[in-house]
Every structure is written in C-alpha cells, then in structure tokens.
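These notes are about the structure you will find just below.
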Amino acid sequence: MIDLHDIPSATPCYVYDMGLLRNTIAEVKRNIEGFPYDVHYAIKANYVPIILGEIAASGLGADLVSGPELHAALEAGFKPTRLAFSGVGKTDDEIIAGIDNGIFCFNVESFPELQNISNLAVSRGLTANVAIRVNPNINAHTHKYVTTGVAENKFGINLNLLDKIVDMALELPYIHLRGLHFHIGSQIMTKRPYKLLCDKVNELQDRFNARGIEFEMINVGGGLGVDYDNPDEHAIPDFEGFFNVFKQYLNLRAGQRLHFEFGRSIVAQCGTLISRVLYIKDNGNKKFVILDAGMTDLIRPALYQSHHIIENITSASRHIESYDVVGPVCESGDVFGRDEQLPITQRGDIIAIRTAGAYGESMASCYNMRALPRHCCI
Ligand code: LLP
C-alpha cells in the first residue's frame, strides 16, 4: 500500500515499489540456486530505465523483441551474452544489431527468418546463435490475446515442421543452434499447462537425441500469472510452485541449461497507477468516477477485460457507494471497473489502481494526443 506522502503531485503517475521488486527478484534467485537455470526478464513488460537497471544489476538476463529493447537492455547493463531476441518480425537492422553485439540467441519463428539471419551472419562474417521457437500446441487457458502456444497462433514452428527447421539450422553456415524455445502464453494461473509443456519437451528431446541431435539449452518462456485480486496477500508470485513443476517433470540432459523468461511475475505487483478524480457524474441511475488516468495509461481493462483492484486512498468516508470508474478518453471501453464499491468519492480524491507494473506503462499510448503517464520509484 502506497503512503500518502509518496504520492506525486502530477497525475496520472506510475509509482514503483523498488523494495518489492528487489524482494521479488530475490525470491526468483532463491528458487534457482543450485540448479542449471537461467532467468531472463521480458523487457516488454516494463522498460523504465531504473527498473531495467535494478534487474540487470541483479544478474538476470533479458528477453527482447525489438531493436530499441536491445539498446535499452545494453544501456541498462545487461550482458549481450544474456540476451535472447524473440518475435515473428525481426527486421534486418535488428538482426544485424543482435549479431554485431554477440547476443546469446535469436529465437527463430519461421523458415525465411532463419534463412535471413544466416544470410546476414554470412555478410557480417560472424556466427549467429539461434534457438528454434516451437509451437507445442498446448492450450494455456488464458485470455485469447495472450495465448501463444496453440497451432492457430502466429508464434513458433509447428511440430510437424520442427525436424526440417532443426536440420536446416544445423546445416546453415554461420548459424549455431543452441536449442529449443517455447512460450505458451501469459497470466497462466495453473500448473497443468507447464506440466504438459515438460512432457512435450521430454518427448521432443528423446526424439532428437535418438537422431543424434543434442541441445545445449531449452527455453520454456514465461507466463507465470499474478494475483490481480489480492495484490497485498500475494505480492510475490508463487515462484516456488512454478519452478517445482520443472524440477519435478523436466528431464534436463547433462550439462544442459534451462531458461525462463518472466515479465509480468517480476514487475506487476511493484507498480500502482495513481490518478486523481476529476469529476463525479451522477446520471440518475449510475454514478461515475471520472479519473485523469485513462485507457491510454493502462489499456489492460479495455483490451483484455482484465480487472485491477481500485482503491480510493484519500477518502475518509465510512459510507460505501457503487461507482463505474472511467477515464477521460473518447471511447466507451475506457472503463477501469464497473460497480466498484468505494468509500464516498469526491473531486480531487486519489485513486490507486493496483498490480499495474507489467504491461501498464509499457503499453501506454498518446491517443487523443494525451501525454504519456509519468513515473516515480520509491
Ligand atoms: N517470452 C515471450 C516470447 C513472450 O512473448 C512473453 C510475453 C514473455 C516471455 C513474458 O511473458 P510473461 O511472463 O510476462 O507472461 N500485454 C499482455 C501480455 C502479453 C505477453 C506477451 N508476451 C497483458 O497485459 O496481459
């Protein structure tokens, strides 16, 4: 819970709890100690420089999806040898930047992309490290926009084409194949999809090993969910339960390393979107709290029908009212919550929207020519 004296005067503003970030990272590290595991942070979740710097200094690697993310990662101090570059549409300039910086690997999503990386590596006279992103056809049972591992998604190589692309990677000059990459979705709240993923990895490794092909690394992606409904009770996600699935079910080969790519689970609970009430509008049968923050600052409710806990942190009233909490943007979808039970709320009150550290500020836009939200770290 944010202290009133930490509230910035200009809103909307993201406030990041750096102590919680440090404790979250410590919990990740506690769980991988003694195991051949490497954790990468998915920069897309939040790329505020201070946050990136903190994560880089803790020794984690990074997962990136664009040239600007590559530069932000290097700037923040992530080692190039701890960078993995994902995404279905890497441009030539982005690939060249990755090759020239000697990144750990490109996670390859298609045949033409692999050919292109090879061509560019040859032209630079440098080896490009790659992993093949596999579409394991596992349903993570999460929102349809954040499910990535079923055959109809654009991500990864379908299982029936996997042998062909692995063979191609092994034959191409200046391509070094490190292993296989998977990422089945985001905000995954049960262990079952991860158990199914372990089974699939084991099966594929057995098959490739039988053909004399061995991988130095397996990357199982990210996706661990956070508790949006109880941010204080579950400020740190259940990393122990998550890692135990892999410790129990995934058969790593001798000398092989297992990579993870966490975004949301590292930063979501650290961030709160702080906003001011502009107006209370009463249309007779409904009361609206109109905030100075809108879907341009936090798009998750509008885009994924997600719900973030909304708190009035200045009202002293003991009477509860029902409000729809909305933003100022000219879209009917600009709603943070319907029928929210809040203490009597007035113009000028401060509203905290919780669990907003991941895919909040990083997905902000300037629609309606609005300014991007500010941020501060406490
Ligand atoms: N690795 C890859 C290849 C990914 O595509 C992603 C996220 C991650 C790792 C990190 O996943 P995480 O641990 O954060 O679940 N904007 C959406 C989430 C999109 C996730 C995209 N990929 C949201 O706000 O729910």
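Ligands are numbered from 1 in the order shown, residues from 1 within each chain, and chains are lettered A, B, ... in the order they appear in the structure tokens.
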Using only C-alpha atoms and all ligand atoms, tabulate the residues of chain A lying at most 8 Å from any atom of ligand 1, each with its closest atom pair and that distance in Å to one decimal, by chain and increasing residue number, as JSON lines.
```
{"residue": "A:Tyr41", "atom": "CA", "partner": "ligand 1", "partner_atom_place_in_ligand_line": "10 (C)", "distance": 7.7}
{"residue": "A:Ala42", "atom": "CA", "partner": "ligand 1", "partner_atom_place_in_ligand_line": "10 (C)", "distance": 5.1}
{"residue": "A:Lys44", "atom": "CA", "partner": "ligand 1", "partner_atom_place_in_ligand_line": "7 (C)", "distance": 7.3}
{"residue": "A:Ala45", "atom": "CA", "partner": "ligand 1", "partner_atom_place_in_ligand_line": "14 (O)", "distance": 5.9}
{"residue": "A:Asp63", "atom": "CA", "partner": "ligand 1", "partner_atom_place_in_ligand_line": "1 (N)", "distance": 6.6}
{"residue": "A:Ser86", "atom": "CA", "partner": "ligand 1", "partner_atom_place_in_ligand_line": "3 (C)", "distance": 5.6}
{"residue": "A:Gly87", "atom": "CA", "partner": "ligand 1", "partner_atom_place_in_ligand_line": "3 (C)", "distance": 6.9}
{"residue": "A:Tyr145", "atom": "CA", "partner": "ligand 1", "partner_atom_place_in_ligand_line": "17 (C)", "distance": 7.5}
{"residue": "A:Val146", "atom": "CA", "partner": "ligand 1", "partner_atom_place_in_ligand_line": "19 (C)", "distance": 5.4}
{"residue": "A:Thr148", "atom": "CA", "partner": "ligand 1", "partner_atom_place_in_ligand_line": "5 (O)", "distance": 7.6}
{"residue": "A:Phe182", "atom": "CA", "partner": "ligand 1", "partner_atom_place_in_ligand_line": "3 (C)", "distance": 7.4}
{"residue": "A:His183", "atom": "CA", "partner": "ligand 1", "partner_atom_place_in_ligand_line": "3 (C)", "distance": 5.4}
{"residue": "A:Gly185", "atom": "CA", "partner": "ligand 1", "partner_atom_place_in_ligand_line": "15 (O)", "distance": 6.3}
{"residue": "A:Ser186", "atom": "CA", "partner": "ligand 1", "partner_atom_place_in_ligand_line": "15 (O)", "distance": 3.5}
{"residue": "A:Gln187", "atom": "CA", "partner": "ligand 1", "partner_atom_place_in_ligand_line": "15 (O)", "distance": 5.3}
{"residue": "A:Ile188", "atom": "CA", "partner": "ligand 1", "partner_atom_place_in_ligand_line": "15 (O)", "distance": 7.4}
{"residue": "A:Gly221", "atom": "CA", "partner": "ligand 1", "partner_atom_place_in_ligand_line": "1 (N)", "distance": 4.7}
{"residue": "A:Gly222", "atom": "CA", "partner": "ligand 1", "partner_atom_place_in_ligand_line": "13 (O)", "distance": 3.9}
{"residue": "A:Gly223", "atom": "CA", "partner": "ligand 1", "partner_atom_place_in_ligand_line": "15 (O)", "distance": 3.1}
{"residue": "A:Leu224", "atom": "CA", "partner": "ligand 1", "partner_atom_place_in_ligand_line": "13 (O)", "distance": 5.4}
{"residue": "A:Gly225", "atom": "CA", "partner": "ligand 1", "partner_atom_place_in_ligand_line": "15 (O)", "distance": 6.7}
{"residue": "A:Phe260", "atom": "CA", "partner": "ligand 1", "partner_atom_place_in_ligand_line": "9 (C)", "distance": 7.9}
{"residue": "A:Glu261", "atom": "CA", "partner": "ligand 1", "partner_atom_place_in_ligand_line": "9 (C)", "distance": 4.7}
{"residue": "A:Phe262", "atom": "CA", "partner": "ligand 1", "partner_atom_place_in_ligand_line": "13 (O)", "distance": 3.8}
{"residue": "A:Gly263", "atom": "CA", "partner": "ligand 1", "partner_atom_place_in_ligand_line": "14 (O)", "distance": 3.3}
{"residue": "A:Arg264", "atom": "CA", "partner": "ligand 1", "partner_atom_place_in_ligand_line": "14 (O)", "distance": 3.7}
{"residue": "A:Ser265", "atom": "CA", "partner": "ligand 1", "partner_atom_place_in_ligand_line": "13 (O)", "distance": 5.8}
{"residue": "A:Ile266", "atom": "CA", "partner": "ligand 1", "partner_atom_place_in_ligand_line": "13 (O)", "distance": 7.8}
{"residue": "A:Ile299", "atom": "CA", "partner": "ligand 1", "partner_atom_place_in_ligand_line": "24 (O)", "distance": 8.0}
{"residue": "A:Arg300", "atom": "CA", "partner": "ligand 1", "partner_atom_place_in_ligand_line": "24 (O)", "distance": 5.5}
{"residue": "A:Tyr304", "atom": "CA", "partner": "ligand 1", "partner_atom_place_in_ligand_line": "25 (O)", "distance": 7.0}
{"residue": "A:Ala358", "atom": "CA", "partner": "ligand 1", "partner_atom_place_in_ligand_line": "24 (O)", "distance": 6.7}
{"residue": "A:Tyr359", "atom": "CA", "partner": "ligand 1", "partner_atom_place_in_ligand_line": "24 (O)", "distance": 4.6}
{"residue": "A:Gly360", "atom": "CA", "partner": "ligand 1", "partner_atom_place_in_ligand_line": "24 (O)", "distance": 7.1}
{"residue": "A:Met363", "atom": "CA", "partner": "ligand 1", "partner_atom_place_in_ligand_line": "16 (N)", "distance": 7.4}
```
Would you save the residues from that selection as a compact mmCIF listing (two decimals), in the first residue's frame, using C-alpha atoms?
```
# COMPACT_ATOMS: atom_id res chain seq x y z
CA TYR A 41 13.41 -10.68 -17.79
CA ALA A 42 10.94 -9.90 -20.62
CA LYS A 44 8.26 -5.64 -22.90
CA ALA A 45 6.55 -5.85 -19.50
CA ASP A 63 14.28 -11.32 -23.38
CA SER A 86 12.19 -13.16 -29.82
CA GLY A 87 9.43 -12.05 -32.17
CA TYR A 145 -4.94 -12.39 -26.85
CA VAL A 146 -2.22 -13.80 -24.57
CA THR A 148 0.58 -18.14 -27.81
CA PHE A 182 8.79 -22.36 -26.03
CA HIS A 183 6.38 -19.78 -24.66
CA GLY A 185 1.08 -17.79 -23.03
CA SER A 186 0.78 -15.23 -20.28
CA GLN A 187 -1.07 -14.87 -16.97
CA ILE A 188 -1.16 -18.65 -16.53
CA GLY A 221 9.44 -18.98 -21.77
CA GLY A 222 7.42 -17.15 -19.14
CA GLY A 223 3.75 -16.66 -18.43
CA LEU A 224 3.55 -17.18 -14.67
CA GLY A 225 0.40 -15.38 -13.52
CA PHE A 260 12.92 -18.96 -18.23
CA GLU A 261 11.55 -15.62 -19.44
CA PHE A 262 9.50 -13.81 -16.82
CA GLY A 263 7.84 -10.48 -17.48
CA ARG A 264 4.66 -9.94 -15.52
CA SER A 265 5.60 -12.04 -12.49
CA ILE A 266 8.65 -9.86 -11.80
CA ILE A 299 -5.04 -0.41 -21.55
CA ARG A 300 -5.38 -3.85 -19.97
CA TYR A 304 -8.26 -7.91 -22.19
CA ALA A 358 3.52 -5.04 -16.02
CA TYR A 359 2.12 -4.09 -19.42
CA GLY A 360 0.85 -0.81 -17.95
CA MET A 363 1.64 -0.21 -23.35
```
Practice item. Write down as an MDAnalysis selection string the residues of range 271-310 of chain A whose backbone DSSP state falls under strand (DSSP E). Key: chainID A and resid 271:282 287:291 310
Exercise for review: Considering only C-alpha atoms, return as a PyMOL selection string whatever protein or nucleic-acid residues lie within 7 Å of Ser365 in chain A, sequence-local ones (same chain, fewer than 5 positions apart) excluded.
Suggested key: chain A and resi 296-297+372
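Atom to atom, CA of Asn137 in chain A and CA of Gly156 in chain A stand 9.8 Å apart.
Using only C-alpha atoms, the residues found no farther than 10 Å from Leu177 in chain A, other than those of its own chain fewer than 2 positions away, are Cys105, Phe106, Ala128, Asn129, Val130, Ala131, Ile132, Val166, Asp167, Met168, Ala169, Leu170, Glu171, Leu172, Tyr174, Ile175, Gly179, Leu180, Glu214, Phe215, Glu216 and Met217 of chain A.
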Exercise for review: Write out as a PyMOL selection string each polymer residue whose atoms come within 9 Å of range 337-352 of chain A, counting only C-alpha atoms; drop sequence neighbours fewer than 4 positions from it.
Suggested key: chain A and resi 2+7+272-280+286-287+289-291+301+307-326
Exercise for review: Could you tell me how far CA of Tyr14 in chain A lies from CA of Arg374 in chain A, in Å and to one decimal?
Suggested key: 6.2 Å
Check your understanding: From the set A:Pro136, A:Gly212, A:Gly67, A:Gly61, which residue has the shortest atom-to-atom contact distance to Gly98 in chain A, counting only C-alpha atoms?
Key -> A:Gly67
Practice item. Determine which residues of range 145-240 of chain A DSSP labels as alpha helix (DSSP H) from the backbone of this structure, then write them out as a VMD selection string. Key: chain A and resid 162 to 171 192 to 210 239 to 240
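If you look at CA of Ala356 in chain A and CA of Phe336 in chain A, they are 11.8 Å away from each other.
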Check your understanding: Near Lys200 in chain A, within 10 Å and counting only C-alpha atoms, which residues show up once chain neighbours fewer than 3 positions away are dropped, as an MDAnalysis selection string?
Key -> chainID A and resid 136:138 194:197 203:206 250
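Minimum atom-to-atom distance to Pro80 in chain A, evaluated using only C-alpha atoms, belongs to A:Asn101 out of A:Ser332, A:Gln305, A:Thr355, A:Asn101.
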**Study point:** Close residues, Arg124 in chain A itself excluded, 10 Å, only C-alpha atoms, min 2 positions apart in chain, as a PyMOL selection string
**Key:** chain A and resi 96+99-100+118-122+126-128+174
Exercise for review: Find, counting only C-alpha atoms, the residue in A:Phe111, A:Tyr249, A:Phe155, A:Phe35 that gets nearest to Val88 in chain A.
Suggested key: A:Phe155
Write out as CSV a residue-level contact list of range 231-312 of chain A versus range 18-31 of chain A with cut-off 10 Å: for each qualifying residue the closest pair of atoms and the distance in Å to one decimal, counting only C-alpha atoms, rows sorted by chain and residue number upward.
```
residue,atom,partner,partner_atom,distance
A:Ala235,CA,A:Leu20,CA,7.8
A:Ile236,CA,A:Thr24,CA,5.8
A:Pro237,CA,A:Thr24,CA,8.0
A:Asp238,CA,A:Glu27,CA,9.2
A:Phe239,CA,A:Val28,CA,6.4
A:Glu240,CA,A:Asn31,CA,6.2
A:Gly241,CA,A:Asn31,CA,9.6
A:Phe242,CA,A:Asn31,CA,9.5
A:Phe243,CA,A:Asn31,CA,7.0
A:Asn244,CA,A:Asn31,CA,8.8
A:Phe262,CA,A:Val28,CA,9.8
A:Ser265,CA,A:Thr24,CA,8.4
A:Ile266,CA,A:Thr24,CA,6.2
A:Val267,CA,A:Leu21,CA,6.5
A:Ala268,CA,A:Leu21,CA,9.2
A:Gln269,CA,A:Leu20,CA,7.9
A:Cys270,CA,A:Leu20,CA,5.9
A:Gly271,CA,A:Met18,CA,9.1
```
Selected residues, all heavy atoms, written as a compact mmCIF listing (two decimals), in the first residue's frame, please.
```txt
# COMPACT_ATOMS: atom_id res chain seq x y z
N ALA A 235 1.84 -10.55 -2.92
CA ALA A 235 2.68 -9.52 -3.55
C ALA A 235 3.79 -10.17 -4.38
O ALA A 235 4.26 -9.60 -5.35
CB ALA A 235 3.28 -8.62 -2.48
N ILE A 236 4.21 -11.36 -3.95
CA ILE A 236 5.24 -12.09 -4.72
C ILE A 236 4.60 -13.37 -5.24
O ILE A 236 4.00 -14.14 -4.48
CB ILE A 236 6.47 -12.40 -3.84
CG1 ILE A 236 7.10 -11.08 -3.38
CG2 ILE A 236 7.48 -13.27 -4.60
CD1 ILE A 236 8.35 -11.21 -2.56
N PRO A 237 4.65 -13.60 -6.55
CA PRO A 237 4.01 -14.79 -7.13
C PRO A 237 4.63 -16.08 -6.61
O PRO A 237 5.72 -16.09 -6.04
CB PRO A 237 4.25 -14.64 -8.63
CG PRO A 237 4.62 -13.21 -8.84
CD PRO A 237 5.25 -12.74 -7.57
N ASP A 238 3.94 -17.18 -6.87
CA ASP A 238 4.37 -18.48 -6.36
C ASP A 238 5.47 -19.07 -7.25
O ASP A 238 5.27 -20.04 -7.99
CB ASP A 238 3.16 -19.43 -6.31
CG ASP A 238 3.54 -20.80 -5.78
OD1 ASP A 238 4.61 -20.92 -5.14
OD2 ASP A 238 2.77 -21.75 -6.01
N PHE A 239 6.66 -18.47 -7.15
CA PHE A 239 7.78 -18.98 -7.96
C PHE A 239 8.16 -20.39 -7.54
O PHE A 239 8.55 -21.21 -8.37
CB PHE A 239 8.99 -18.06 -7.81
CG PHE A 239 8.83 -16.73 -8.52
CD1 PHE A 239 8.65 -15.57 -7.80
CD2 PHE A 239 8.84 -16.67 -9.90
CE1 PHE A 239 8.49 -14.35 -8.45
CE2 PHE A 239 8.67 -15.46 -10.57
CZ PHE A 239 8.51 -14.30 -9.83
N GLU A 240 8.03 -20.66 -6.23
CA GLU A 240 8.44 -21.99 -5.75
C GLU A 240 7.61 -23.08 -6.43
O GLU A 240 8.15 -24.05 -6.96
CB GLU A 240 8.28 -22.04 -4.23
CG GLU A 240 8.84 -23.31 -3.65
CD GLU A 240 8.95 -23.22 -2.13
OE1 GLU A 240 9.21 -22.13 -1.59
OE2 GLU A 240 8.75 -24.26 -1.49
N GLY A 241 6.28 -22.89 -6.42
CA GLY A 241 5.39 -23.87 -7.05
C GLY A 241 5.69 -24.00 -8.54
O GLY A 241 5.70 -25.10 -9.09
N PHE A 242 5.95 -22.87 -9.16
CA PHE A 242 6.25 -22.86 -10.60
C PHE A 242 7.53 -23.66 -10.90
O PHE A 242 7.54 -24.57 -11.71
CB PHE A 242 6.39 -21.41 -11.07
CG PHE A 242 6.89 -21.25 -12.48
CD1 PHE A 242 6.00 -21.27 -13.55
CD2 PHE A 242 8.24 -21.11 -12.74
CE1 PHE A 242 6.45 -21.13 -14.86
CE2 PHE A 242 8.70 -20.97 -14.04
CZ PHE A 242 7.81 -20.98 -15.09
N PHE A 243 8.61 -23.30 -10.21
CA PHE A 243 9.88 -23.98 -10.50
C PHE A 243 9.82 -25.46 -10.14
O PHE A 243 10.46 -26.29 -10.79
CB PHE A 243 11.04 -23.30 -9.76
CG PHE A 243 11.52 -22.04 -10.42
CD1 PHE A 243 11.34 -20.81 -9.82
CD2 PHE A 243 12.14 -22.09 -11.67
CE1 PHE A 243 11.78 -19.64 -10.43
CE2 PHE A 243 12.58 -20.93 -12.30
CZ PHE A 243 12.40 -19.70 -11.68
N ASN A 244 9.03 -25.78 -9.10
CA ASN A 244 8.93 -27.19 -8.71
C ASN A 244 8.40 -28.07 -9.84
O ASN A 244 8.78 -29.23 -9.96
CB ASN A 244 8.06 -27.35 -7.46
CG ASN A 244 8.86 -27.06 -6.21
OD1 ASN A 244 10.09 -27.04 -6.24
ND2 ASN A 244 8.17 -26.81 -5.10
N PHE A 262 10.60 -14.39 -17.58
CA PHE A 262 9.50 -13.81 -16.82
C PHE A 262 9.33 -12.33 -17.11
O PHE A 262 10.31 -11.59 -17.05
CB PHE A 262 9.76 -13.92 -15.32
CG PHE A 262 9.85 -15.31 -14.79
CD1 PHE A 262 10.93 -15.69 -14.02
CD2 PHE A 262 8.85 -16.24 -15.04
CE1 PHE A 262 11.02 -16.97 -13.49
CE2 PHE A 262 8.93 -17.52 -14.53
CZ PHE A 262 10.02 -17.89 -13.75
N SER A 265 5.43 -11.55 -13.87
CA SER A 265 5.60 -12.04 -12.49
C SER A 265 6.68 -11.26 -11.75
O SER A 265 6.69 -11.23 -10.52
CB SER A 265 5.92 -13.54 -12.49
OG SER A 265 6.99 -13.80 -13.38
N ILE A 266 7.59 -10.61 -12.48
CA ILE A 266 8.65 -9.86 -11.80
C ILE A 266 8.20 -8.43 -11.46
O ILE A 266 8.54 -7.92 -10.40
CB ILE A 266 9.94 -9.86 -12.65
CG1 ILE A 266 10.46 -11.30 -12.71
CG2 ILE A 266 11.00 -8.90 -12.11
CD1 ILE A 266 11.80 -11.49 -13.32
N VAL A 267 7.43 -7.81 -12.34
CA VAL A 267 7.16 -6.37 -12.13
C VAL A 267 5.70 -5.99 -11.83
O VAL A 267 5.44 -4.86 -11.41
CB VAL A 267 7.66 -5.53 -13.33
CG1 VAL A 267 9.17 -5.46 -13.37
CG2 VAL A 267 7.11 -6.06 -14.65
N ALA A 268 4.74 -6.90 -12.06
CA ALA A 268 3.33 -6.47 -11.99
C ALA A 268 2.96 -5.87 -10.63
O ALA A 268 2.39 -4.78 -10.56
CB ALA A 268 2.40 -7.63 -12.32
N GLN A 269 3.29 -6.59 -9.57
CA GLN A 269 2.82 -6.12 -8.24
C GLN A 269 3.60 -4.91 -7.74
O GLN A 269 3.19 -4.27 -6.77
CB GLN A 269 2.90 -7.26 -7.20
CG GLN A 269 2.05 -8.48 -7.52
CD GLN A 269 0.54 -8.24 -7.43
OE1 GLN A 269 0.07 -7.09 -7.48
NE2 GLN A 269 -0.24 -9.31 -7.33
N CYS A 270 4.71 -4.59 -8.38
CA CYS A 270 5.51 -3.45 -7.92
C CYS A 270 4.92 -2.12 -8.36
O CYS A 270 5.30 -1.07 -7.86
CB CYS A 270 6.93 -3.52 -8.49
SG CYS A 270 7.71 -5.09 -8.22
N GLY A 271 4.01 -2.15 -9.33
CA GLY A 271 3.54 -0.90 -9.90
C GLY A 271 2.10 -0.57 -9.55
O GLY A 271 1.23 -1.45 -9.53
```
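Restricting the calculation to only C-alpha atoms, the smallest distance between Gly294 in chain A and any of A:Tyr47, A:Phe208, A:Tyr37, A:Tyr367 is found for A:Tyr367.
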